[in-house]
Structure formats: structure tokens, C-alpha cells
>>> print(open('final_34.pdb').read())   # PDB, C-alpha atoms and all ligand atoms
ATOM      1  CA  MET B 840      53.093 -84.646 -43.071  1.00  0.00           C
ATOM      2  CA  LEU B 841      50.744 -82.250 -44.882  1.00  0.00           C
ATOM      3  CA  LYS B 842      49.662 -85.105 -47.167  1.00  0.00           C
ATOM      4  CA  ALA B 843      48.834 -87.323 -44.164  1.00  0.00           C
ATOM      5  CA  LEU B 844      46.845 -84.504 -42.541  1.00  0.00           C
ATOM      6  CA  ARG B 845      44.890 -83.860 -45.741  1.00  0.00           C
ATOM      7  CA  LEU B 846      44.002 -87.541 -46.047  1.00  0.00           C
ATOM      8  CA  ALA B 847      43.002 -87.792 -42.379  1.00  0.00           C
ATOM      9  CA  TRP B 848      40.801 -84.706 -42.741  1.00  0.00           C
ATOM     10  CA  HIS B 849      39.189 -86.014 -45.936  1.00  0.00           C
ATOM     11  CA  ARG B 850      38.530 -89.416 -44.356  1.00  0.00           C
ATOM     12  CA  TRP B 851      36.984 -87.778 -41.293  1.00  0.00           C
ATOM     13  CA  THR B 852      34.675 -85.511 -43.325  1.00  0.00           C
ATOM     14  CA  VAL B 853      33.462 -88.343 -45.589  1.00  0.00           C
ATOM     15  CA  ARG B 854      32.869 -90.687 -42.633  1.00  0.00           C
ATOM     16  CA  ARG B 855      30.997 -87.972 -40.728  1.00  0.00           C
ATOM     17  CA  LYS B 856      28.871 -87.162 -43.785  1.00  0.00           C
ATOM     18  CA  MET B 857      28.075 -90.820 -44.487  1.00  0.00           C
ATOM     19  CA  ASP B 858      27.236 -91.510 -40.829  1.00  0.00           C
ATOM     20  CA  ARG B 859      24.796 -88.576 -40.974  1.00  0.00           C
ATOM     21  CA  VAL B 860      23.233 -89.813 -44.232  1.00  0.00           C
ATOM     22  CA  PHE B 861      22.808 -93.367 -42.919  1.00  0.00           C
ATOM     23  CA  GLY B 862      21.928 -92.066 -39.446  1.00  0.00           C
ATOM     24  CA  ARG B 863      18.708 -90.527 -40.806  1.00  0.00           C
ATOM     25  CA  GLY B 864      17.298 -94.006 -41.331  1.00  0.00           C
ATOM     26  CA  SER B 865      17.799 -97.126 -43.351  1.00  0.00           C
ATOM     27  CA  ASP B 866      18.090 -97.184 -47.140  1.00  0.00           C
ATOM     28  CA  PRO B 867      18.727 -93.449 -47.666  1.00  0.00           C
ATOM     29  CA  TYR B 868      19.544 -94.073 -51.354  1.00  0.00           C
ATOM     30  CA  ARG B 869      16.280 -96.022 -51.839  1.00  0.00           C
ATOM     31  CA  TYR B 870      18.074 -99.101 -53.150  1.00  0.00           C
ATOM     32  CA  ASP B 871      15.015-101.147 -52.258  1.00  0.00           C
ATOM     33  CA  ALA B 872      12.497 -98.762 -53.825  1.00  0.00           C
ATOM     34  CA  SER B 873      14.032 -96.643 -56.588  1.00  0.00           C
ATOM     35  CA  PRO B 874      13.397 -98.149 -60.066  1.00  0.00           C
ATOM     36  CA  TYR B 875      16.741 -96.686 -61.128  1.00  0.00           C
ATOM     37  CA  GLU B 876      18.735 -98.217 -58.254  1.00  0.00           C
ATOM     38  CA  LEU B 877      17.011-101.562 -58.716  1.00  0.00           C
ATOM     39  CA  ALA B 878      17.858-101.443 -62.449  1.00  0.00           C
ATOM     40  CA  ARG B 879      21.485-100.536 -61.678  1.00  0.00           C
ATOM     41  CA  LEU B 880      21.958-103.327 -59.128  1.00  0.00           C
ATOM     42  CA  GLU B 881      20.313-105.782 -61.526  1.00  0.00           C
ATOM     43  CA  GLU B 882      22.602-104.688 -64.380  1.00  0.00           C
ATOM     44  CA  MET B 883      25.637-105.144 -62.125  1.00  0.00           C
ATOM     45  CA  ALA B 884      24.536-108.654 -61.175  1.00  0.00           C
ATOM     46  CA  LYS B 885      23.839-109.467 -64.835  1.00  0.00           C
ATOM     47  CA  ALA B 886      27.352-108.360 -65.814  1.00  0.00           C
ATOM     48  CA  LEU B 887      28.894-110.762 -63.284  1.00  0.00           C
ATOM     49  CA  ALA B 888      26.574-113.688 -64.042  1.00  0.00           C
ATOM     50  CA  GLY B 889      27.773-116.848 -65.764  1.00  0.00           C
ATOM     51  CA  ARG B 890      30.790-117.374 -63.546  1.00  0.00           C
ATOM     52  CA  ARG B 891      31.271-118.622 -59.984  1.00  0.00           C
ATOM     53  CA  TYR B 892      33.796-116.592 -58.001  1.00  0.00           C
ATOM     54  CA  GLN B 893      35.934-117.992 -55.235  1.00  0.00           C
ATOM     55  CA  LYS B 894      36.931-114.721 -53.610  1.00  0.00           C
ATOM     56  CA  ALA B 895      35.115-111.429 -54.131  1.00  0.00           C
ATOM     57  CA  LEU B 896      35.868-107.943 -52.838  1.00  0.00           C
ATOM     58  CA  GLU B 897      33.425-105.051 -52.639  1.00  0.00           C
ATOM     59  CA  VAL B 898      34.679-101.566 -51.854  1.00  0.00           C
ATOM     60  CA  GLY B 899      32.154 -99.231 -50.214  1.00  0.00           C
ATOM     61  CA  ALA B 900      29.499-101.823 -49.357  1.00  0.00           C
ATOM     62  CA  ALA B 901      27.141 -99.310 -47.687  1.00  0.00           C
ATOM     63  CA  GLU B 902      24.211-101.278 -46.185  1.00  0.00           C
ATOM     64  CA  GLY B 903      25.074-104.445 -48.094  1.00  0.00           C
ATOM     65  CA  HIS B 904      22.528-104.328 -50.912  1.00  0.00           C
ATOM     66  CA  PHE B 905      24.953-105.493 -53.594  1.00  0.00           C
ATOM     67  CA  THR B 906      27.012-107.462 -51.066  1.00  0.00           C
ATOM     68  CA  ARG B 907      24.021-109.754 -50.569  1.00  0.00           C
ATOM     69  CA  ARG B 908      23.827-110.433 -54.299  1.00  0.00           C
ATOM     70  CA  LEU B 909      27.581-110.927 -54.510  1.00  0.00           C
ATOM     71  CA  ALA B 910      27.417-113.489 -51.720  1.00  0.00           C
ATOM     72  CA  GLY B 911      25.163-115.573 -53.977  1.00  0.00           C
ATOM     73  CA  MET B 912      27.841-115.681 -56.674  1.00  0.00           C
ATOM     74  CA  ALA B 913      30.981-116.135 -54.590  1.00  0.00           C
ATOM     75  CA  ASP B 914      32.301-118.604 -52.046  1.00  0.00           C
ATOM     76  CA  ARG B 915      33.579-115.753 -49.836  1.00  0.00           C
ATOM     77  CA  VAL B 916      33.086-111.986 -49.954  1.00  0.00           C
ATOM     78  CA  MET B 917      35.276-109.357 -48.325  1.00  0.00           C
ATOM     79  CA  ALA B 918      33.452-106.035 -48.012  1.00  0.00           C
ATOM     80  CA  LEU B 919      34.996-102.699 -47.014  1.00  0.00           C
ATOM     81  CA  GLU B 920      33.039 -99.761 -45.657  1.00  0.00           C
ATOM     82  CA  LEU B 921      34.053 -96.460 -44.104  1.00  0.00           C
ATOM     83  CA  SER B 922      30.822 -95.693 -42.237  1.00  0.00           C
ATOM     84  CA  PRO B 923      30.226 -97.734 -39.062  1.00  0.00           C
ATOM     85  CA  VAL B 924      26.509 -96.877 -39.214  1.00  0.00           C
ATOM     86  CA  ALA B 925      26.152 -98.375 -42.709  1.00  0.00           C
ATOM     87  CA  LEU B 926      28.392-101.288 -41.794  1.00  0.00           C
ATOM     88  CA  ALA B 927      26.221-102.360 -38.836  1.00  0.00           C
ATOM     89  CA  ARG B 928      23.228-102.576 -41.219  1.00  0.00           C
ATOM     90  CA  ALA B 929      25.254-104.439 -43.839  1.00  0.00           C
ATOM     91  CA  ARG B 930      26.261-107.019 -41.229  1.00  0.00           C
ATOM     92  CA  ALA B 931      22.626-107.510 -40.233  1.00  0.00           C
ATOM     93  CA  ALA B 932      21.474-107.685 -43.879  1.00  0.00           C
ATOM     94  CA  THR B 933      23.944-110.441 -44.728  1.00  0.00           C
ATOM     95  CA  ALA B 934      23.922-112.384 -41.459  1.00  0.00           C
ATOM     96  CA  GLY B 935      24.583-116.050 -42.134  1.00  0.00           C
ATOM     97  CA  LEU B 936      26.102-115.360 -45.565  1.00  0.00           C
ATOM     98  CA  PRO B 937      29.817-115.880 -46.310  1.00  0.00           C
ATOM     99  CA  VAL B 938      30.761-112.206 -45.947  1.00  0.00           C
ATOM    100  CA  ASP B 939      33.636-110.684 -43.955  1.00  0.00           C
ATOM    101  CA  TYR B 940      33.570-106.960 -43.271  1.00  0.00           C
ATOM    102  CA  GLU B 941      36.218-104.405 -42.487  1.00  0.00           C
ATOM    103  CA  GLU B 942      35.473-100.907 -41.280  1.00  0.00           C
ATOM    104  CA  THR B 943      38.204 -99.093 -43.136  1.00  0.00           C
ATOM    105  CA  ASP B 944      39.163 -96.479 -45.678  1.00  0.00           C
ATOM    106  CA  VAL B 945      40.072 -98.394 -48.845  1.00  0.00           C
ATOM    107  CA  ARG B 946      43.085 -96.101 -49.200  1.00  0.00           C
ATOM    108  CA  ALA B 947      44.488 -97.514 -45.950  1.00  0.00           C
ATOM    109  CA  TRP B 948      43.628-101.144 -46.632  1.00  0.00           C
ATOM    110  CA  ASP B 949      46.346-103.675 -47.448  1.00  0.00           C
ATOM    111  CA  GLY B 950      44.472-106.111 -49.706  1.00  0.00           C
ATOM    112  CA  ARG B 951      44.676-108.956 -47.189  1.00  0.00           C
ATOM    113  CA  GLY B 952      43.159-112.216 -48.384  1.00  0.00           C
ATOM    114  CA  GLY B 953      43.706-111.207 -52.013  1.00  0.00           C
ATOM    115  CA  PRO B 954      44.115-111.345 -54.893  1.00  0.00           C
ATOM    116  CA  PHE B 955      40.397-111.565 -55.648  1.00  0.00           C
ATOM    117  CA  ASP B 956      38.552-113.211 -58.549  1.00  0.00           C
ATOM    118  CA  VAL B 957      36.288-110.213 -58.703  1.00  0.00           C
ATOM    119  CA  VAL B 958      36.512-106.673 -57.329  1.00  0.00           C
ATOM    120  CA  VAL B 959      33.381-104.492 -57.322  1.00  0.00           C
ATOM    121  CA  LEU B 960      33.529-100.706 -57.313  1.00  0.00           C
ATOM    122  CA  GLY B 961      29.945 -99.424 -57.318  1.00  0.00           C
ATOM    123  CA  GLU B 962      29.269 -95.722 -56.777  1.00  0.00           C
ATOM    124  CA  VAL B 963      32.435 -95.278 -54.789  1.00  0.00           C
ATOM    125  CA  LEU B 964      35.293 -93.916 -56.924  1.00  0.00           C
ATOM    126  CA  TYR B 965      33.974 -90.357 -56.923  1.00  0.00           C
ATOM    127  CA  TYR B 966      34.253 -90.249 -53.132  1.00  0.00           C
ATOM    128  CA  LEU B 967      38.008 -90.676 -53.595  1.00  0.00           C
ATOM    129  CA  ASP B 968      38.453 -88.650 -56.786  1.00  0.00           C
ATOM    130  CA  LYS B 969      38.832 -85.232 -55.144  1.00  0.00           C
ATOM    131  CA  PRO B 970      41.453 -82.560 -55.911  1.00  0.00           C
ATOM    132  CA  LEU B 971      42.595 -82.320 -52.286  1.00  0.00           C
ATOM    133  CA  VAL B 972      43.514 -86.023 -52.172  1.00  0.00           C
ATOM    134  CA  GLN B 973      44.284 -86.686 -55.844  1.00  0.00           C
ATOM    135  CA  ALA B 974      47.643 -88.351 -55.171  1.00  0.00           C
ATOM    136  CA  GLU B 975      45.943 -90.824 -52.807  1.00  0.00           C
ATOM    137  CA  PHE B 976      43.261 -91.470 -55.456  1.00  0.00           C
ATOM    138  CA  GLU B 977      45.964 -92.381 -57.965  1.00  0.00           C
ATOM    139  CA  GLU B 978      47.633 -94.671 -55.409  1.00  0.00           C
ATOM    140  CA  ALA B 979      44.283 -96.311 -54.618  1.00  0.00           C
ATOM    141  CA  LEU B 980      43.555 -96.995 -58.308  1.00  0.00           C
ATOM    142  CA  ALA B 981      46.908 -98.737 -58.716  1.00  0.00           C
ATOM    143  CA  LYS B 982      46.378-100.698 -55.497  1.00  0.00           C
ATOM    144  CA  MET B 983      42.867-101.822 -56.455  1.00  0.00           C
ATOM    145  CA  ALA B 984      44.034-102.887 -59.919  1.00  0.00           C
ATOM    146  CA  GLY B 985      46.641-105.057 -58.186  1.00  0.00           C
ATOM    147  CA  TRP B 986      44.010-106.732 -55.987  1.00  0.00           C
ATOM    148  CA  VAL B 987      42.417-108.435 -59.032  1.00  0.00           C
ATOM    149  CA  ALA B 988      43.835-111.902 -59.729  1.00  0.00           C
ATOM    150  CA  PRO B 989      45.115-112.725 -63.233  1.00  0.00           C
ATOM    151  CA  GLY B 990      42.030-113.735 -65.246  1.00  0.00           C
ATOM    152  CA  GLY B 991      39.876-112.042 -62.595  1.00  0.00           C
ATOM    153  CA  ARG B 992      37.223-109.403 -63.120  1.00  0.00           C
ATOM    154  CA  LEU B 993      36.643-105.816 -62.128  1.00  0.00           C
ATOM    155  CA  LEU B 994      33.146-104.348 -62.123  1.00  0.00           C
ATOM    156  CA  LEU B 995      32.641-100.581 -62.225  1.00  0.00           C
ATOM    157  CA  ALA B 996      29.232 -98.890 -61.895  1.00  0.00           C
ATOM    158  CA  HIS B 997      28.894 -95.138 -61.494  1.00  0.00           C
ATOM    159  CA  GLY B 998      25.901 -92.910 -62.132  1.00  0.00           C
ATOM    160  CA  PHE B 999      25.875 -89.885 -64.401  1.00  0.00           C
ATOM    161  CA  ALA B1000      23.478 -87.052 -65.081  1.00  0.00           C
ATOM    162  CA  ASP B1001      24.918 -85.528 -68.260  1.00  0.00           C
ATOM    163  CA  ALA B1002      27.525 -86.007 -71.010  1.00  0.00           C
ATOM    164  CA  ALA B1003      30.357 -84.453 -69.005  1.00  0.00           C
ATOM    165  CA  GLU B1004      29.705 -86.748 -66.058  1.00  0.00           C
ATOM    166  CA  ARG B1005      29.396 -89.768 -68.342  1.00  0.00           C
ATOM    167  CA  ALA B1006      32.830 -88.905 -69.780  1.00  0.00           C
ATOM    168  CA  ARG B1007      34.249 -88.949 -66.249  1.00  0.00           C
ATOM    169  CA  ARG B1008      32.760 -92.439 -65.719  1.00  0.00           C
ATOM    170  CA  VAL B1009      34.305 -93.611 -69.011  1.00  0.00           C
ATOM    171  CA  HIS B1010      37.583 -92.186 -67.783  1.00  0.00           C
ATOM    172  CA  TYR B1011      37.473 -94.460 -64.693  1.00  0.00           C
ATOM    173  CA  ARG B1012      37.191 -97.461 -67.008  1.00  0.00           C
ATOM    174  CA  GLU B1013      40.007 -96.121 -69.186  1.00  0.00           C
ATOM    175  CA  ARG B1014      42.244 -95.750 -66.150  1.00  0.00           C
ATOM    176  CA  PHE B1015      41.939 -99.481 -65.488  1.00  0.00           C
ATOM    177  CA  GLU B1016      42.495-100.239 -69.177  1.00  0.00           C
ATOM    178  CA  GLY B1017      45.713 -98.284 -68.672  1.00  0.00           C
ATOM    179  CA  TYR B1018      46.652-100.911 -66.058  1.00  0.00           C
ATOM    180  CA  GLY B1019      46.233-103.627 -68.702  1.00  0.00           C
ATOM    181  CA  PHE B1020      42.585-104.558 -68.077  1.00  0.00           C
ATOM    182  CA  ARG B1021      40.477-105.611 -71.078  1.00  0.00           C
ATOM    183  CA  LEU B1022      36.888-104.392 -71.437  1.00  0.00           C
ATOM    184  CA  VAL B1023      34.519-107.387 -71.481  1.00  0.00           C
ATOM    185  CA  SER B1024      31.178-105.588 -71.599  1.00  0.00           C
ATOM    186  CA  GLU B1025      29.700-102.179 -70.998  1.00  0.00           C
ATOM    187  CA  SER B1026      26.099-101.094 -70.635  1.00  0.00           C
ATOM    188  CA  VAL B1027      24.000 -98.269 -69.269  1.00  0.00           C
ATOM    189  CA  ALA B1028      21.414 -98.955 -66.582  1.00  0.00           C
ATOM    190  CA  SER B1029      18.641 -96.401 -66.635  1.00  0.00           C
ATOM    191  CA  ALA B1030      15.096 -96.054 -65.332  1.00  0.00           C
ATOM    192  CA  ARG B1031      12.562 -93.344 -64.742  1.00  0.00           C
ATOM    193  CA  ASP B1032      12.504 -92.324 -61.090  1.00  0.00           C
ATOM    194  CA  GLY B1033       9.970 -89.597 -60.280  1.00  0.00           C
ATOM    195  CA  ASP B1034      10.632 -86.741 -62.693  1.00  0.00           C
ATOM    196  CA  MET B1035      14.208 -87.847 -63.442  1.00  0.00           C
ATOM    197  CA  THR B1036      15.775 -90.630 -65.480  1.00  0.00           C
ATOM    198  CA  PRO B1037      19.202 -91.296 -63.922  1.00  0.00           C
ATOM    199  CA  SER B1038      21.744 -93.543 -65.645  1.00  0.00           C
ATOM    200  CA  SER B1039      24.742 -95.572 -64.564  1.00  0.00           C
ATOM    201  CA  LEU B1040      27.660 -96.803 -66.672  1.00  0.00           C
ATOM    202  CA  VAL B1041      28.298-100.462 -65.842  1.00  0.00           C
ATOM    203  CA  SER B1042      31.675-101.718 -67.104  1.00  0.00           C
ATOM    204  CA  LEU B1043      33.040-105.213 -66.708  1.00  0.00           C
ATOM    205  CA  LEU B1044      36.781-105.575 -67.172  1.00  0.00           C
ATOM    206  CA  GLU B1045      39.110-108.547 -67.020  1.00  0.00           C
ATOM    207  CA  ARG B1046      42.727-108.737 -65.995  1.00  0.00           C
ATOM    208  CA  PRO B1047      44.748-110.759 -68.556  1.00  0.00           C
TER     209      PRO B1047
HETATM  210  C1  LIG W1101      26.790 -94.678 -52.570  1.00  0.00           C
HETATM  211  S1  LIG W1101      27.391 -95.986 -51.583  1.00  0.00           S
HETATM  212  C2  LIG W1101      27.557 -97.319 -52.772  1.00  0.00           C
HETATM  213  C3  LIG W1101      27.127 -98.659 -52.237  1.00  0.00           C
HETATM  214  C4  LIG W1101      27.312 -99.844 -53.208  1.00  0.00           C
HETATM  215  N1  LIG W1101      28.713-100.057 -53.491  1.00  0.00           N
HETATM  216  C5  LIG W1101      26.535 -99.675 -54.481  1.00  0.00           C
HETATM  217  O1  LIG W1101      27.054 -99.908 -55.589  1.00  0.00           O
HETATM  218  O2  LIG W1101      25.366 -99.319 -54.387  1.00  0.00           O
HETATM  219  C6  LIG W1101      29.106 -95.566 -51.357  1.00  0.00           C
HETATM  220  C7  LIG W1101      29.691 -96.126 -50.070  1.00  0.00           C
HETATM  221  O3  LIG W1101      31.115 -95.989 -50.112  1.00  0.00           O
HETATM  222  C8  LIG W1101      31.574 -95.672 -48.812  1.00  0.00           C
HETATM  223  N2  LIG W1101      32.890 -95.037 -48.908  1.00  0.00           N
HETATM  224  C9  LIG W1101      33.182 -93.775 -49.292  1.00  0.00           C
HETATM  225  N3  LIG W1101      34.500 -93.556 -49.252  1.00  0.00           N
HETATM  226  C10 LIG W1101      35.078 -94.715 -48.834  1.00  0.00           C
HETATM  227  C11 LIG W1101      36.415 -95.104 -48.570  1.00  0.00           C
HETATM  228  N4  LIG W1101      37.421 -94.249 -48.730  1.00  0.00           N
HETATM  229  N5  LIG W1101      36.659 -96.367 -48.155  1.00  0.00           N
HETATM  230  C12 LIG W1101      35.632 -97.245 -47.967  1.00  0.00           C
HETATM  231  N6  LIG W1101      34.328 -96.919 -48.203  1.00  0.00           N
HETATM  232  C13 LIG W1101      34.061 -95.675 -48.614  1.00  0.00           C
HETATM  233  C14 LIG W1101      30.490 -94.759 -48.267  1.00  0.00           C
HETATM  234  O4  LIG W1101      30.488 -94.709 -46.863  1.00  0.00           O
HETATM  235  C15 LIG W1101      29.218 -95.385 -48.845  1.00  0.00           C
HETATM  236  O5  LIG W1101      28.632 -96.284 -47.956  1.00  0.00           O
END
>>> encode(input="final_34.pdb", output="C-alpha cells")
Amino acid sequence: MLKALRLAWHRWTVRRKMDRVFGRGSDPYRYDASPYELARLEEMAKALAGRRYQKALEVGAAEGHFTRRLAGMADRVMALELSPVALARARAATAGLPVDYEETDVRAWDGRGGPFDVVVLGEVLYYLDKPLVQAEFEEALAKMAGWVAPGGRLLLAHGFADAAERARRVHYRERFEGYGFRLVSESVASARDGDMTPSSLVSLLERP
């Protein structure tokens, strides 16, 4: 009972926060303008290139910036998003493309339509990796690992600002290796953006 209340509260606070962020206007993360974000999205697409995917899943699609790219590599994309404000923009951005959306918390989603040939987790795991809901984070990791088809791929991309944060991103990849995934490639996307040079660890894994 307490666990369910904690999860409901966490879901509500994240959704409210994200609706506020996206409610201020489109592209709040400057995916279309930031040299760093453009480099990160490009690195993600590069990691997945060279293979055609039948079924793809993206968790935390936001306004559909990577979803659009994914739709060019896959026959069908399923995209999950918690914020209805972001989701409405994602739908508009990918109109006419083979993308299905669900407004949902990934922790409550049942993996329908899976398993998937590729699952994309870009800048999303740290929304779930919180002490208050750590048990649900662990459950979600196991669930997401199970949504990847045998021989299928898992793409992780999470930004970091320093060595400690980079180690936490490496740890995400190691968690999936713990589920039997094999690391195919790993790179760091980085670009100067104003007076900062943010970086993102981009890891491509494969399920045996
Ligand atoms: C920073 S954006 C990342 C967008 C895109 N995946 C990328 O790589 O750029 C993270 C998105 O995840 C969504 N999100 C956060 N927690 C979620 C959850 N539990 N279930 C589904 N989506 C969630 C947020 O609303 C937000 O739109």
C-alpha cells in the first residue's frame, strides 16, 4: 500500500514537472538548436545504423525528436511518454510516420506488441532511478531487458557532467550486462554549447 502510494506520488510529481517544462514552449531542451543535443542524437542514430528494425520501442519519447529518426530505421515504432503536453507535440512531429504512442509511465506498461528488435532509452533512466522508488526502478530494468527480442538491441544514452556522473551512466550499461546483454559499441557524444561542453555516454548492447 505504501509502495503504491509512493509510486503514484512520484509519477504525479514527474508528470507535473514535465508538463510545466514542456508547457513553457516547444523544444525546451533545445534538441533542434543545441550543438550538444544534435551531436548526441546523431551519435545515437549512428549506433543503430546498418540494420533495419521491424519493431522498435522508445521509452520517454518527449516531443519525438529521436522518435522521428527511429521511424526512418524501423517498420513500426512504439513510443511511451508520461507527459501529455510533450506527447501531443510528438504526435504532430511524426504525423504520417509509422509510430504508435502511449501516454503511460513505463513502470506501469505491460510490453504489449513486444518483444522489440530495438529498445531505446535516451535520457530517461535517471527519472526512474530515485531512492524513494528504487524497488520500482529495479523492476523496470528487469522488465525493459525482457522487452528486447533475442538478437535484438538496446540503446542507452545518458548525459554526464563529471566523472562521478559518468560512472553512474556506465553502471546503467553494466546493469543490462548483468541481464546477459553484450556490449556492441560505446562512445561519448560531446560538443561545446555556450560556455559548457556536455557529454553523453552512448552504449549499444545486444541480447544474445
Ligand atoms: C529528457 S527527455 C528524453 C527524450 C528522448 N528520449 C531523448 O533521448 O532525447 C525524457 C522524457 O522521459 C519522460 N519520462 C520521464 N519519466 C517517465 C516514465 N516513468 N515513463 C515514461 N516517460 C517518462 C519525460 O516526460 C521526458 O519527456
>>> closest_atom_pairs(input="final_34.pdb", of="chain B", to="ligand LIG 1101 (chain W)", cutoff="6 Å", atoms="all atoms listed in the file", output="tab-separated table")
residue	atom	partner	partner_atom	distance
B:Met857	CA	W:LIG1101	O4	5.2
B:Val898	CA	W:LIG1101	C12	5.9
B:Gly899	CA	W:LIG1101	O3	3.4
B:Ala900	CA	W:LIG1101	N1	4.6
B:Ala901	CA	W:LIG1101	O5	3.4
B:Leu919	CA	W:LIG1101	C12	5.6
B:Glu920	CA	W:LIG1101	N6	4.0
B:Leu921	CA	W:LIG1101	N6	4.1
B:Ser922	CA	W:LIG1101	O4	4.7
B:Thr943	CA	W:LIG1101	C12	5.8
B:Asp944	CA	W:LIG1101	N5	3.5
B:Val945	CA	W:LIG1101	N5	4.0
B:Arg946	CA	W:LIG1101	N4	6.0
B:Gly961	CA	W:LIG1101	O1	3.4
B:Glu962	CA	W:LIG1101	C2	4.6
B:Val963	CA	W:LIG1101	C6	4.8
B:Tyr966	CA	W:LIG1101	N3	5.1
>>> residues_near_point(input="final_34.pdb", point="(32.7, -113.7, -40.4)", cutoff="9 Å", atoms="all atoms listed in the file", output="PyMOL selection string")
chain B and resi 934-940
>>> write_last_selection(input="final_34.pdb", atoms="C-alpha atoms", output="CSV table (one decimal), keeping the file's coordinate frame")
chain,number,residue,atom,x,y,z
B,934,ALA,CA,23.9,-112.4,-41.5
B,935,GLY,CA,24.6,-116.0,-42.1
B,936,LEU,CA,26.1,-115.4,-45.6
B,937,PRO,CA,29.8,-115.9,-46.3
B,938,VAL,CA,30.8,-112.2,-45.9
B,939,ASP,CA,33.6,-110.7,-44.0
B,940,TYR,CA,33.6,-107.0,-43.3
>>> atom_distance(input="final_34.pdb", atom1="atom CA of Glu1013 of chain B", atom2="atom CA of Lys885 of chain B")
21.4 Å
>>> residues_near_point(input="final_34.pdb", point="(46.6, -86.1, -52.7)", cutoff="12 Å", atoms="all atoms listed in the file", output="PyMOL selection string")
chain B and resi 840-849+946+967-979
>>> closest_residue(input="final_34.pdb", among="B:Val959, B:Leu1040, B:Leu887, B:Ala872", to="Arg1005 of chain B", atoms="all atoms listed in the file")
B:Leu1040
>>> atom_distance(input="final_34.pdb", atom1="atom CA of Asp914 of chain B", atom2="atom CA of Gly952 of chain B")
13.1 Å
>>> atom_distance(input="final_34.pdb", atom1="atom CA of Val1009 of chain B", atom2="atom CA of Pro874 of chain B")
23.2 Å
>>> resolve_selection(input="final_34.pdb", expression="the PyMOL selection byres (((chain B and resi 1018) around 9) and not hetatm)", output="PyMOL selection string")
chain B and resi 981+984-985+1013-1017+1019-1020+1046
>>> closest_residue(input="final_34.pdb", among="B:Ala895, B:Met912, B:Met983, B:Met1035", to="Phe999 of chain B", atoms="all atoms listed in the file")
B:Met1035
>>> closest_atom_pairs(input="final_34.pdb", of="segment 848-941 of chain B", to="segment 986-989 of chain B", cutoff="12 Å", atoms="only C-alpha atoms", output="JSON lines")
{"residue": "B:Tyr892", "atom": "CA", "partner": "B:Ala988", "partner_atom": "CA", "distance": 11.2}
{"residue": "B:Gln893", "atom": "CA", "partner": "B:Ala988", "partner_atom": "CA", "distance": 10.9}
{"residue": "B:Lys894", "atom": "CA", "partner": "B:Ala988", "partner_atom": "CA", "distance": 9.6}
{"residue": "B:Ala895", "atom": "CA", "partner": "B:Val987", "partner_atom": "CA", "distance": 9.3}
{"residue": "B:Leu896", "atom": "CA", "partner": "B:Trp986", "partner_atom": "CA", "distance": 8.8}
{"residue": "B:Glu897", "atom": "CA", "partner": "B:Trp986", "partner_atom": "CA", "distance": 11.2}
{"residue": "B:Val898", "atom": "CA", "partner": "B:Trp986", "partner_atom": "CA", "distance": 11.4}
{"residue": "B:Met917", "atom": "CA", "partner": "B:Trp986", "partner_atom": "CA", "distance": 11.9}
>>> resolve_selection(input="final_34.pdb", expression="the PyMOL selection byres (((chain B and resi 878) around 10) and not hetatm)", output="list in words")
Tyr870, Ser873, Pro874, Tyr875, Glu876, Leu877, Arg879, Leu880, Glu881, Glu882, Met883, Ala884, Val1027, Ala1028, Ser1029, Ala1030, Arg1031, Ser1038 and Ser1039 of chain B
>>> closest_residue(input="final_34.pdb", among="B:Leu909, B:Ala918, B:Val853, B:Ala888", to="Tyr965 of chain B", atoms="only C-alpha atoms")
B:Val853
>>> axis_aligned_box(input="final_34.pdb", around="segment 966-975 of chain B", padding_each_side="3 Å", output="AutoDock Vina command-line options")
--center_x 40.9 --center_y -86.6 --center_z -54.5 --size_x 19.4 --size_y 14.5 --size_z 10.6
>>> build_atoms(input="final_34.pdb", residues="segment 955-969 of chain B", atoms="N, CA and C atoms", output="PDB file, keeping the file's coordinate frame")
ATOM      1  N   PHE B 955      41.804-111.180 -55.582  1.00  0.00           N
ATOM      2  CA  PHE B 955      40.397-111.565 -55.648  1.00  0.00           C
ATOM      3  C   PHE B 955      39.989-111.903 -57.080  1.00  0.00           C
ATOM      4  N   ASP B 956      39.038-112.833 -57.216  1.00  0.00           N
ATOM      5  CA  ASP B 956      38.552-113.211 -58.549  1.00  0.00           C
ATOM      6  C   ASP B 956      37.641-112.142 -59.127  1.00  0.00           C
ATOM      7  N   VAL B 957      37.085-111.344 -58.226  1.00  0.00           N
ATOM      8  CA  VAL B 957      36.288-110.213 -58.703  1.00  0.00           C
ATOM      9  C   VAL B 957      36.360-109.087 -57.669  1.00  0.00           C
ATOM     10  N   VAL B 958      36.517-107.872 -58.172  1.00  0.00           N
ATOM     11  CA  VAL B 958      36.512-106.673 -57.329  1.00  0.00           C
ATOM     12  C   VAL B 958      35.392-105.771 -57.852  1.00  0.00           C
ATOM     13  N   VAL B 959      34.541-105.311 -56.939  1.00  0.00           N
ATOM     14  CA  VAL B 959      33.381-104.492 -57.322  1.00  0.00           C
ATOM     15  C   VAL B 959      33.538-103.075 -56.782  1.00  0.00           C
ATOM     16  N   LEU B 960      33.466-102.114 -57.692  1.00  0.00           N
ATOM     17  CA  LEU B 960      33.529-100.706 -57.313  1.00  0.00           C
ATOM     18  C   LEU B 960      32.246-100.046 -57.803  1.00  0.00           C
ATOM     19  N   GLY B 961      31.242 -99.995 -56.948  1.00  0.00           N
ATOM     20  CA  GLY B 961      29.945 -99.424 -57.318  1.00  0.00           C
ATOM     21  C   GLY B 961      29.718 -98.111 -56.591  1.00  0.00           C
ATOM     22  N   GLU B 962      29.560 -97.055 -57.329  1.00  0.00           N
ATOM     23  CA  GLU B 962      29.269 -95.722 -56.777  1.00  0.00           C
ATOM     24  C   GLU B 962      30.230 -95.357 -55.646  1.00  0.00           C
ATOM     25  N   VAL B 963      31.489 -95.547 -55.872  1.00  0.00           N
ATOM     26  CA  VAL B 963      32.435 -95.278 -54.789  1.00  0.00           C
ATOM     27  C   VAL B 963      33.648 -94.459 -55.234  1.00  0.00           C
ATOM     28  N   LEU B 964      34.034 -94.572 -56.526  1.00  0.00           N
ATOM     29  CA  LEU B 964      35.293 -93.916 -56.924  1.00  0.00           C
ATOM     30  C   LEU B 964      35.226 -92.396 -56.778  1.00  0.00           C
ATOM     31  N   TYR B 965      34.040 -91.823 -56.993  1.00  0.00           N
ATOM     32  CA  TYR B 965      33.974 -90.357 -56.923  1.00  0.00           C
ATOM     33  C   TYR B 965      34.090 -89.818 -55.494  1.00  0.00           C
ATOM     34  N   TYR B 966      33.977 -90.692 -54.515  1.00  0.00           N
ATOM     35  CA  TYR B 966      34.253 -90.249 -53.132  1.00  0.00           C
ATOM     36  C   TYR B 966      35.759 -90.024 -52.940  1.00  0.00           C
ATOM     37  N   LEU B 967      36.548 -90.741 -53.731  1.00  0.00           N
ATOM     38  CA  LEU B 967      38.008 -90.676 -53.595  1.00  0.00           C
ATOM     39  C   LEU B 967      38.633 -89.698 -54.571  1.00  0.00           C
ATOM     40  N   ASP B 968      37.934 -89.455 -55.682  1.00  0.00           N
ATOM     41  CA  ASP B 968      38.453 -88.650 -56.786  1.00  0.00           C
ATOM     42  C   ASP B 968      38.211 -87.168 -56.498  1.00  0.00           C
ATOM     43  N   LYS B 969      39.005 -86.629 -55.562  1.00  0.00           N
ATOM     44  CA  LYS B 969      38.832 -85.232 -55.144  1.00  0.00           C
ATOM     45  C   LYS B 969      40.184 -84.523 -55.252  1.00  0.00           C
TER      46      LYS B 969
END
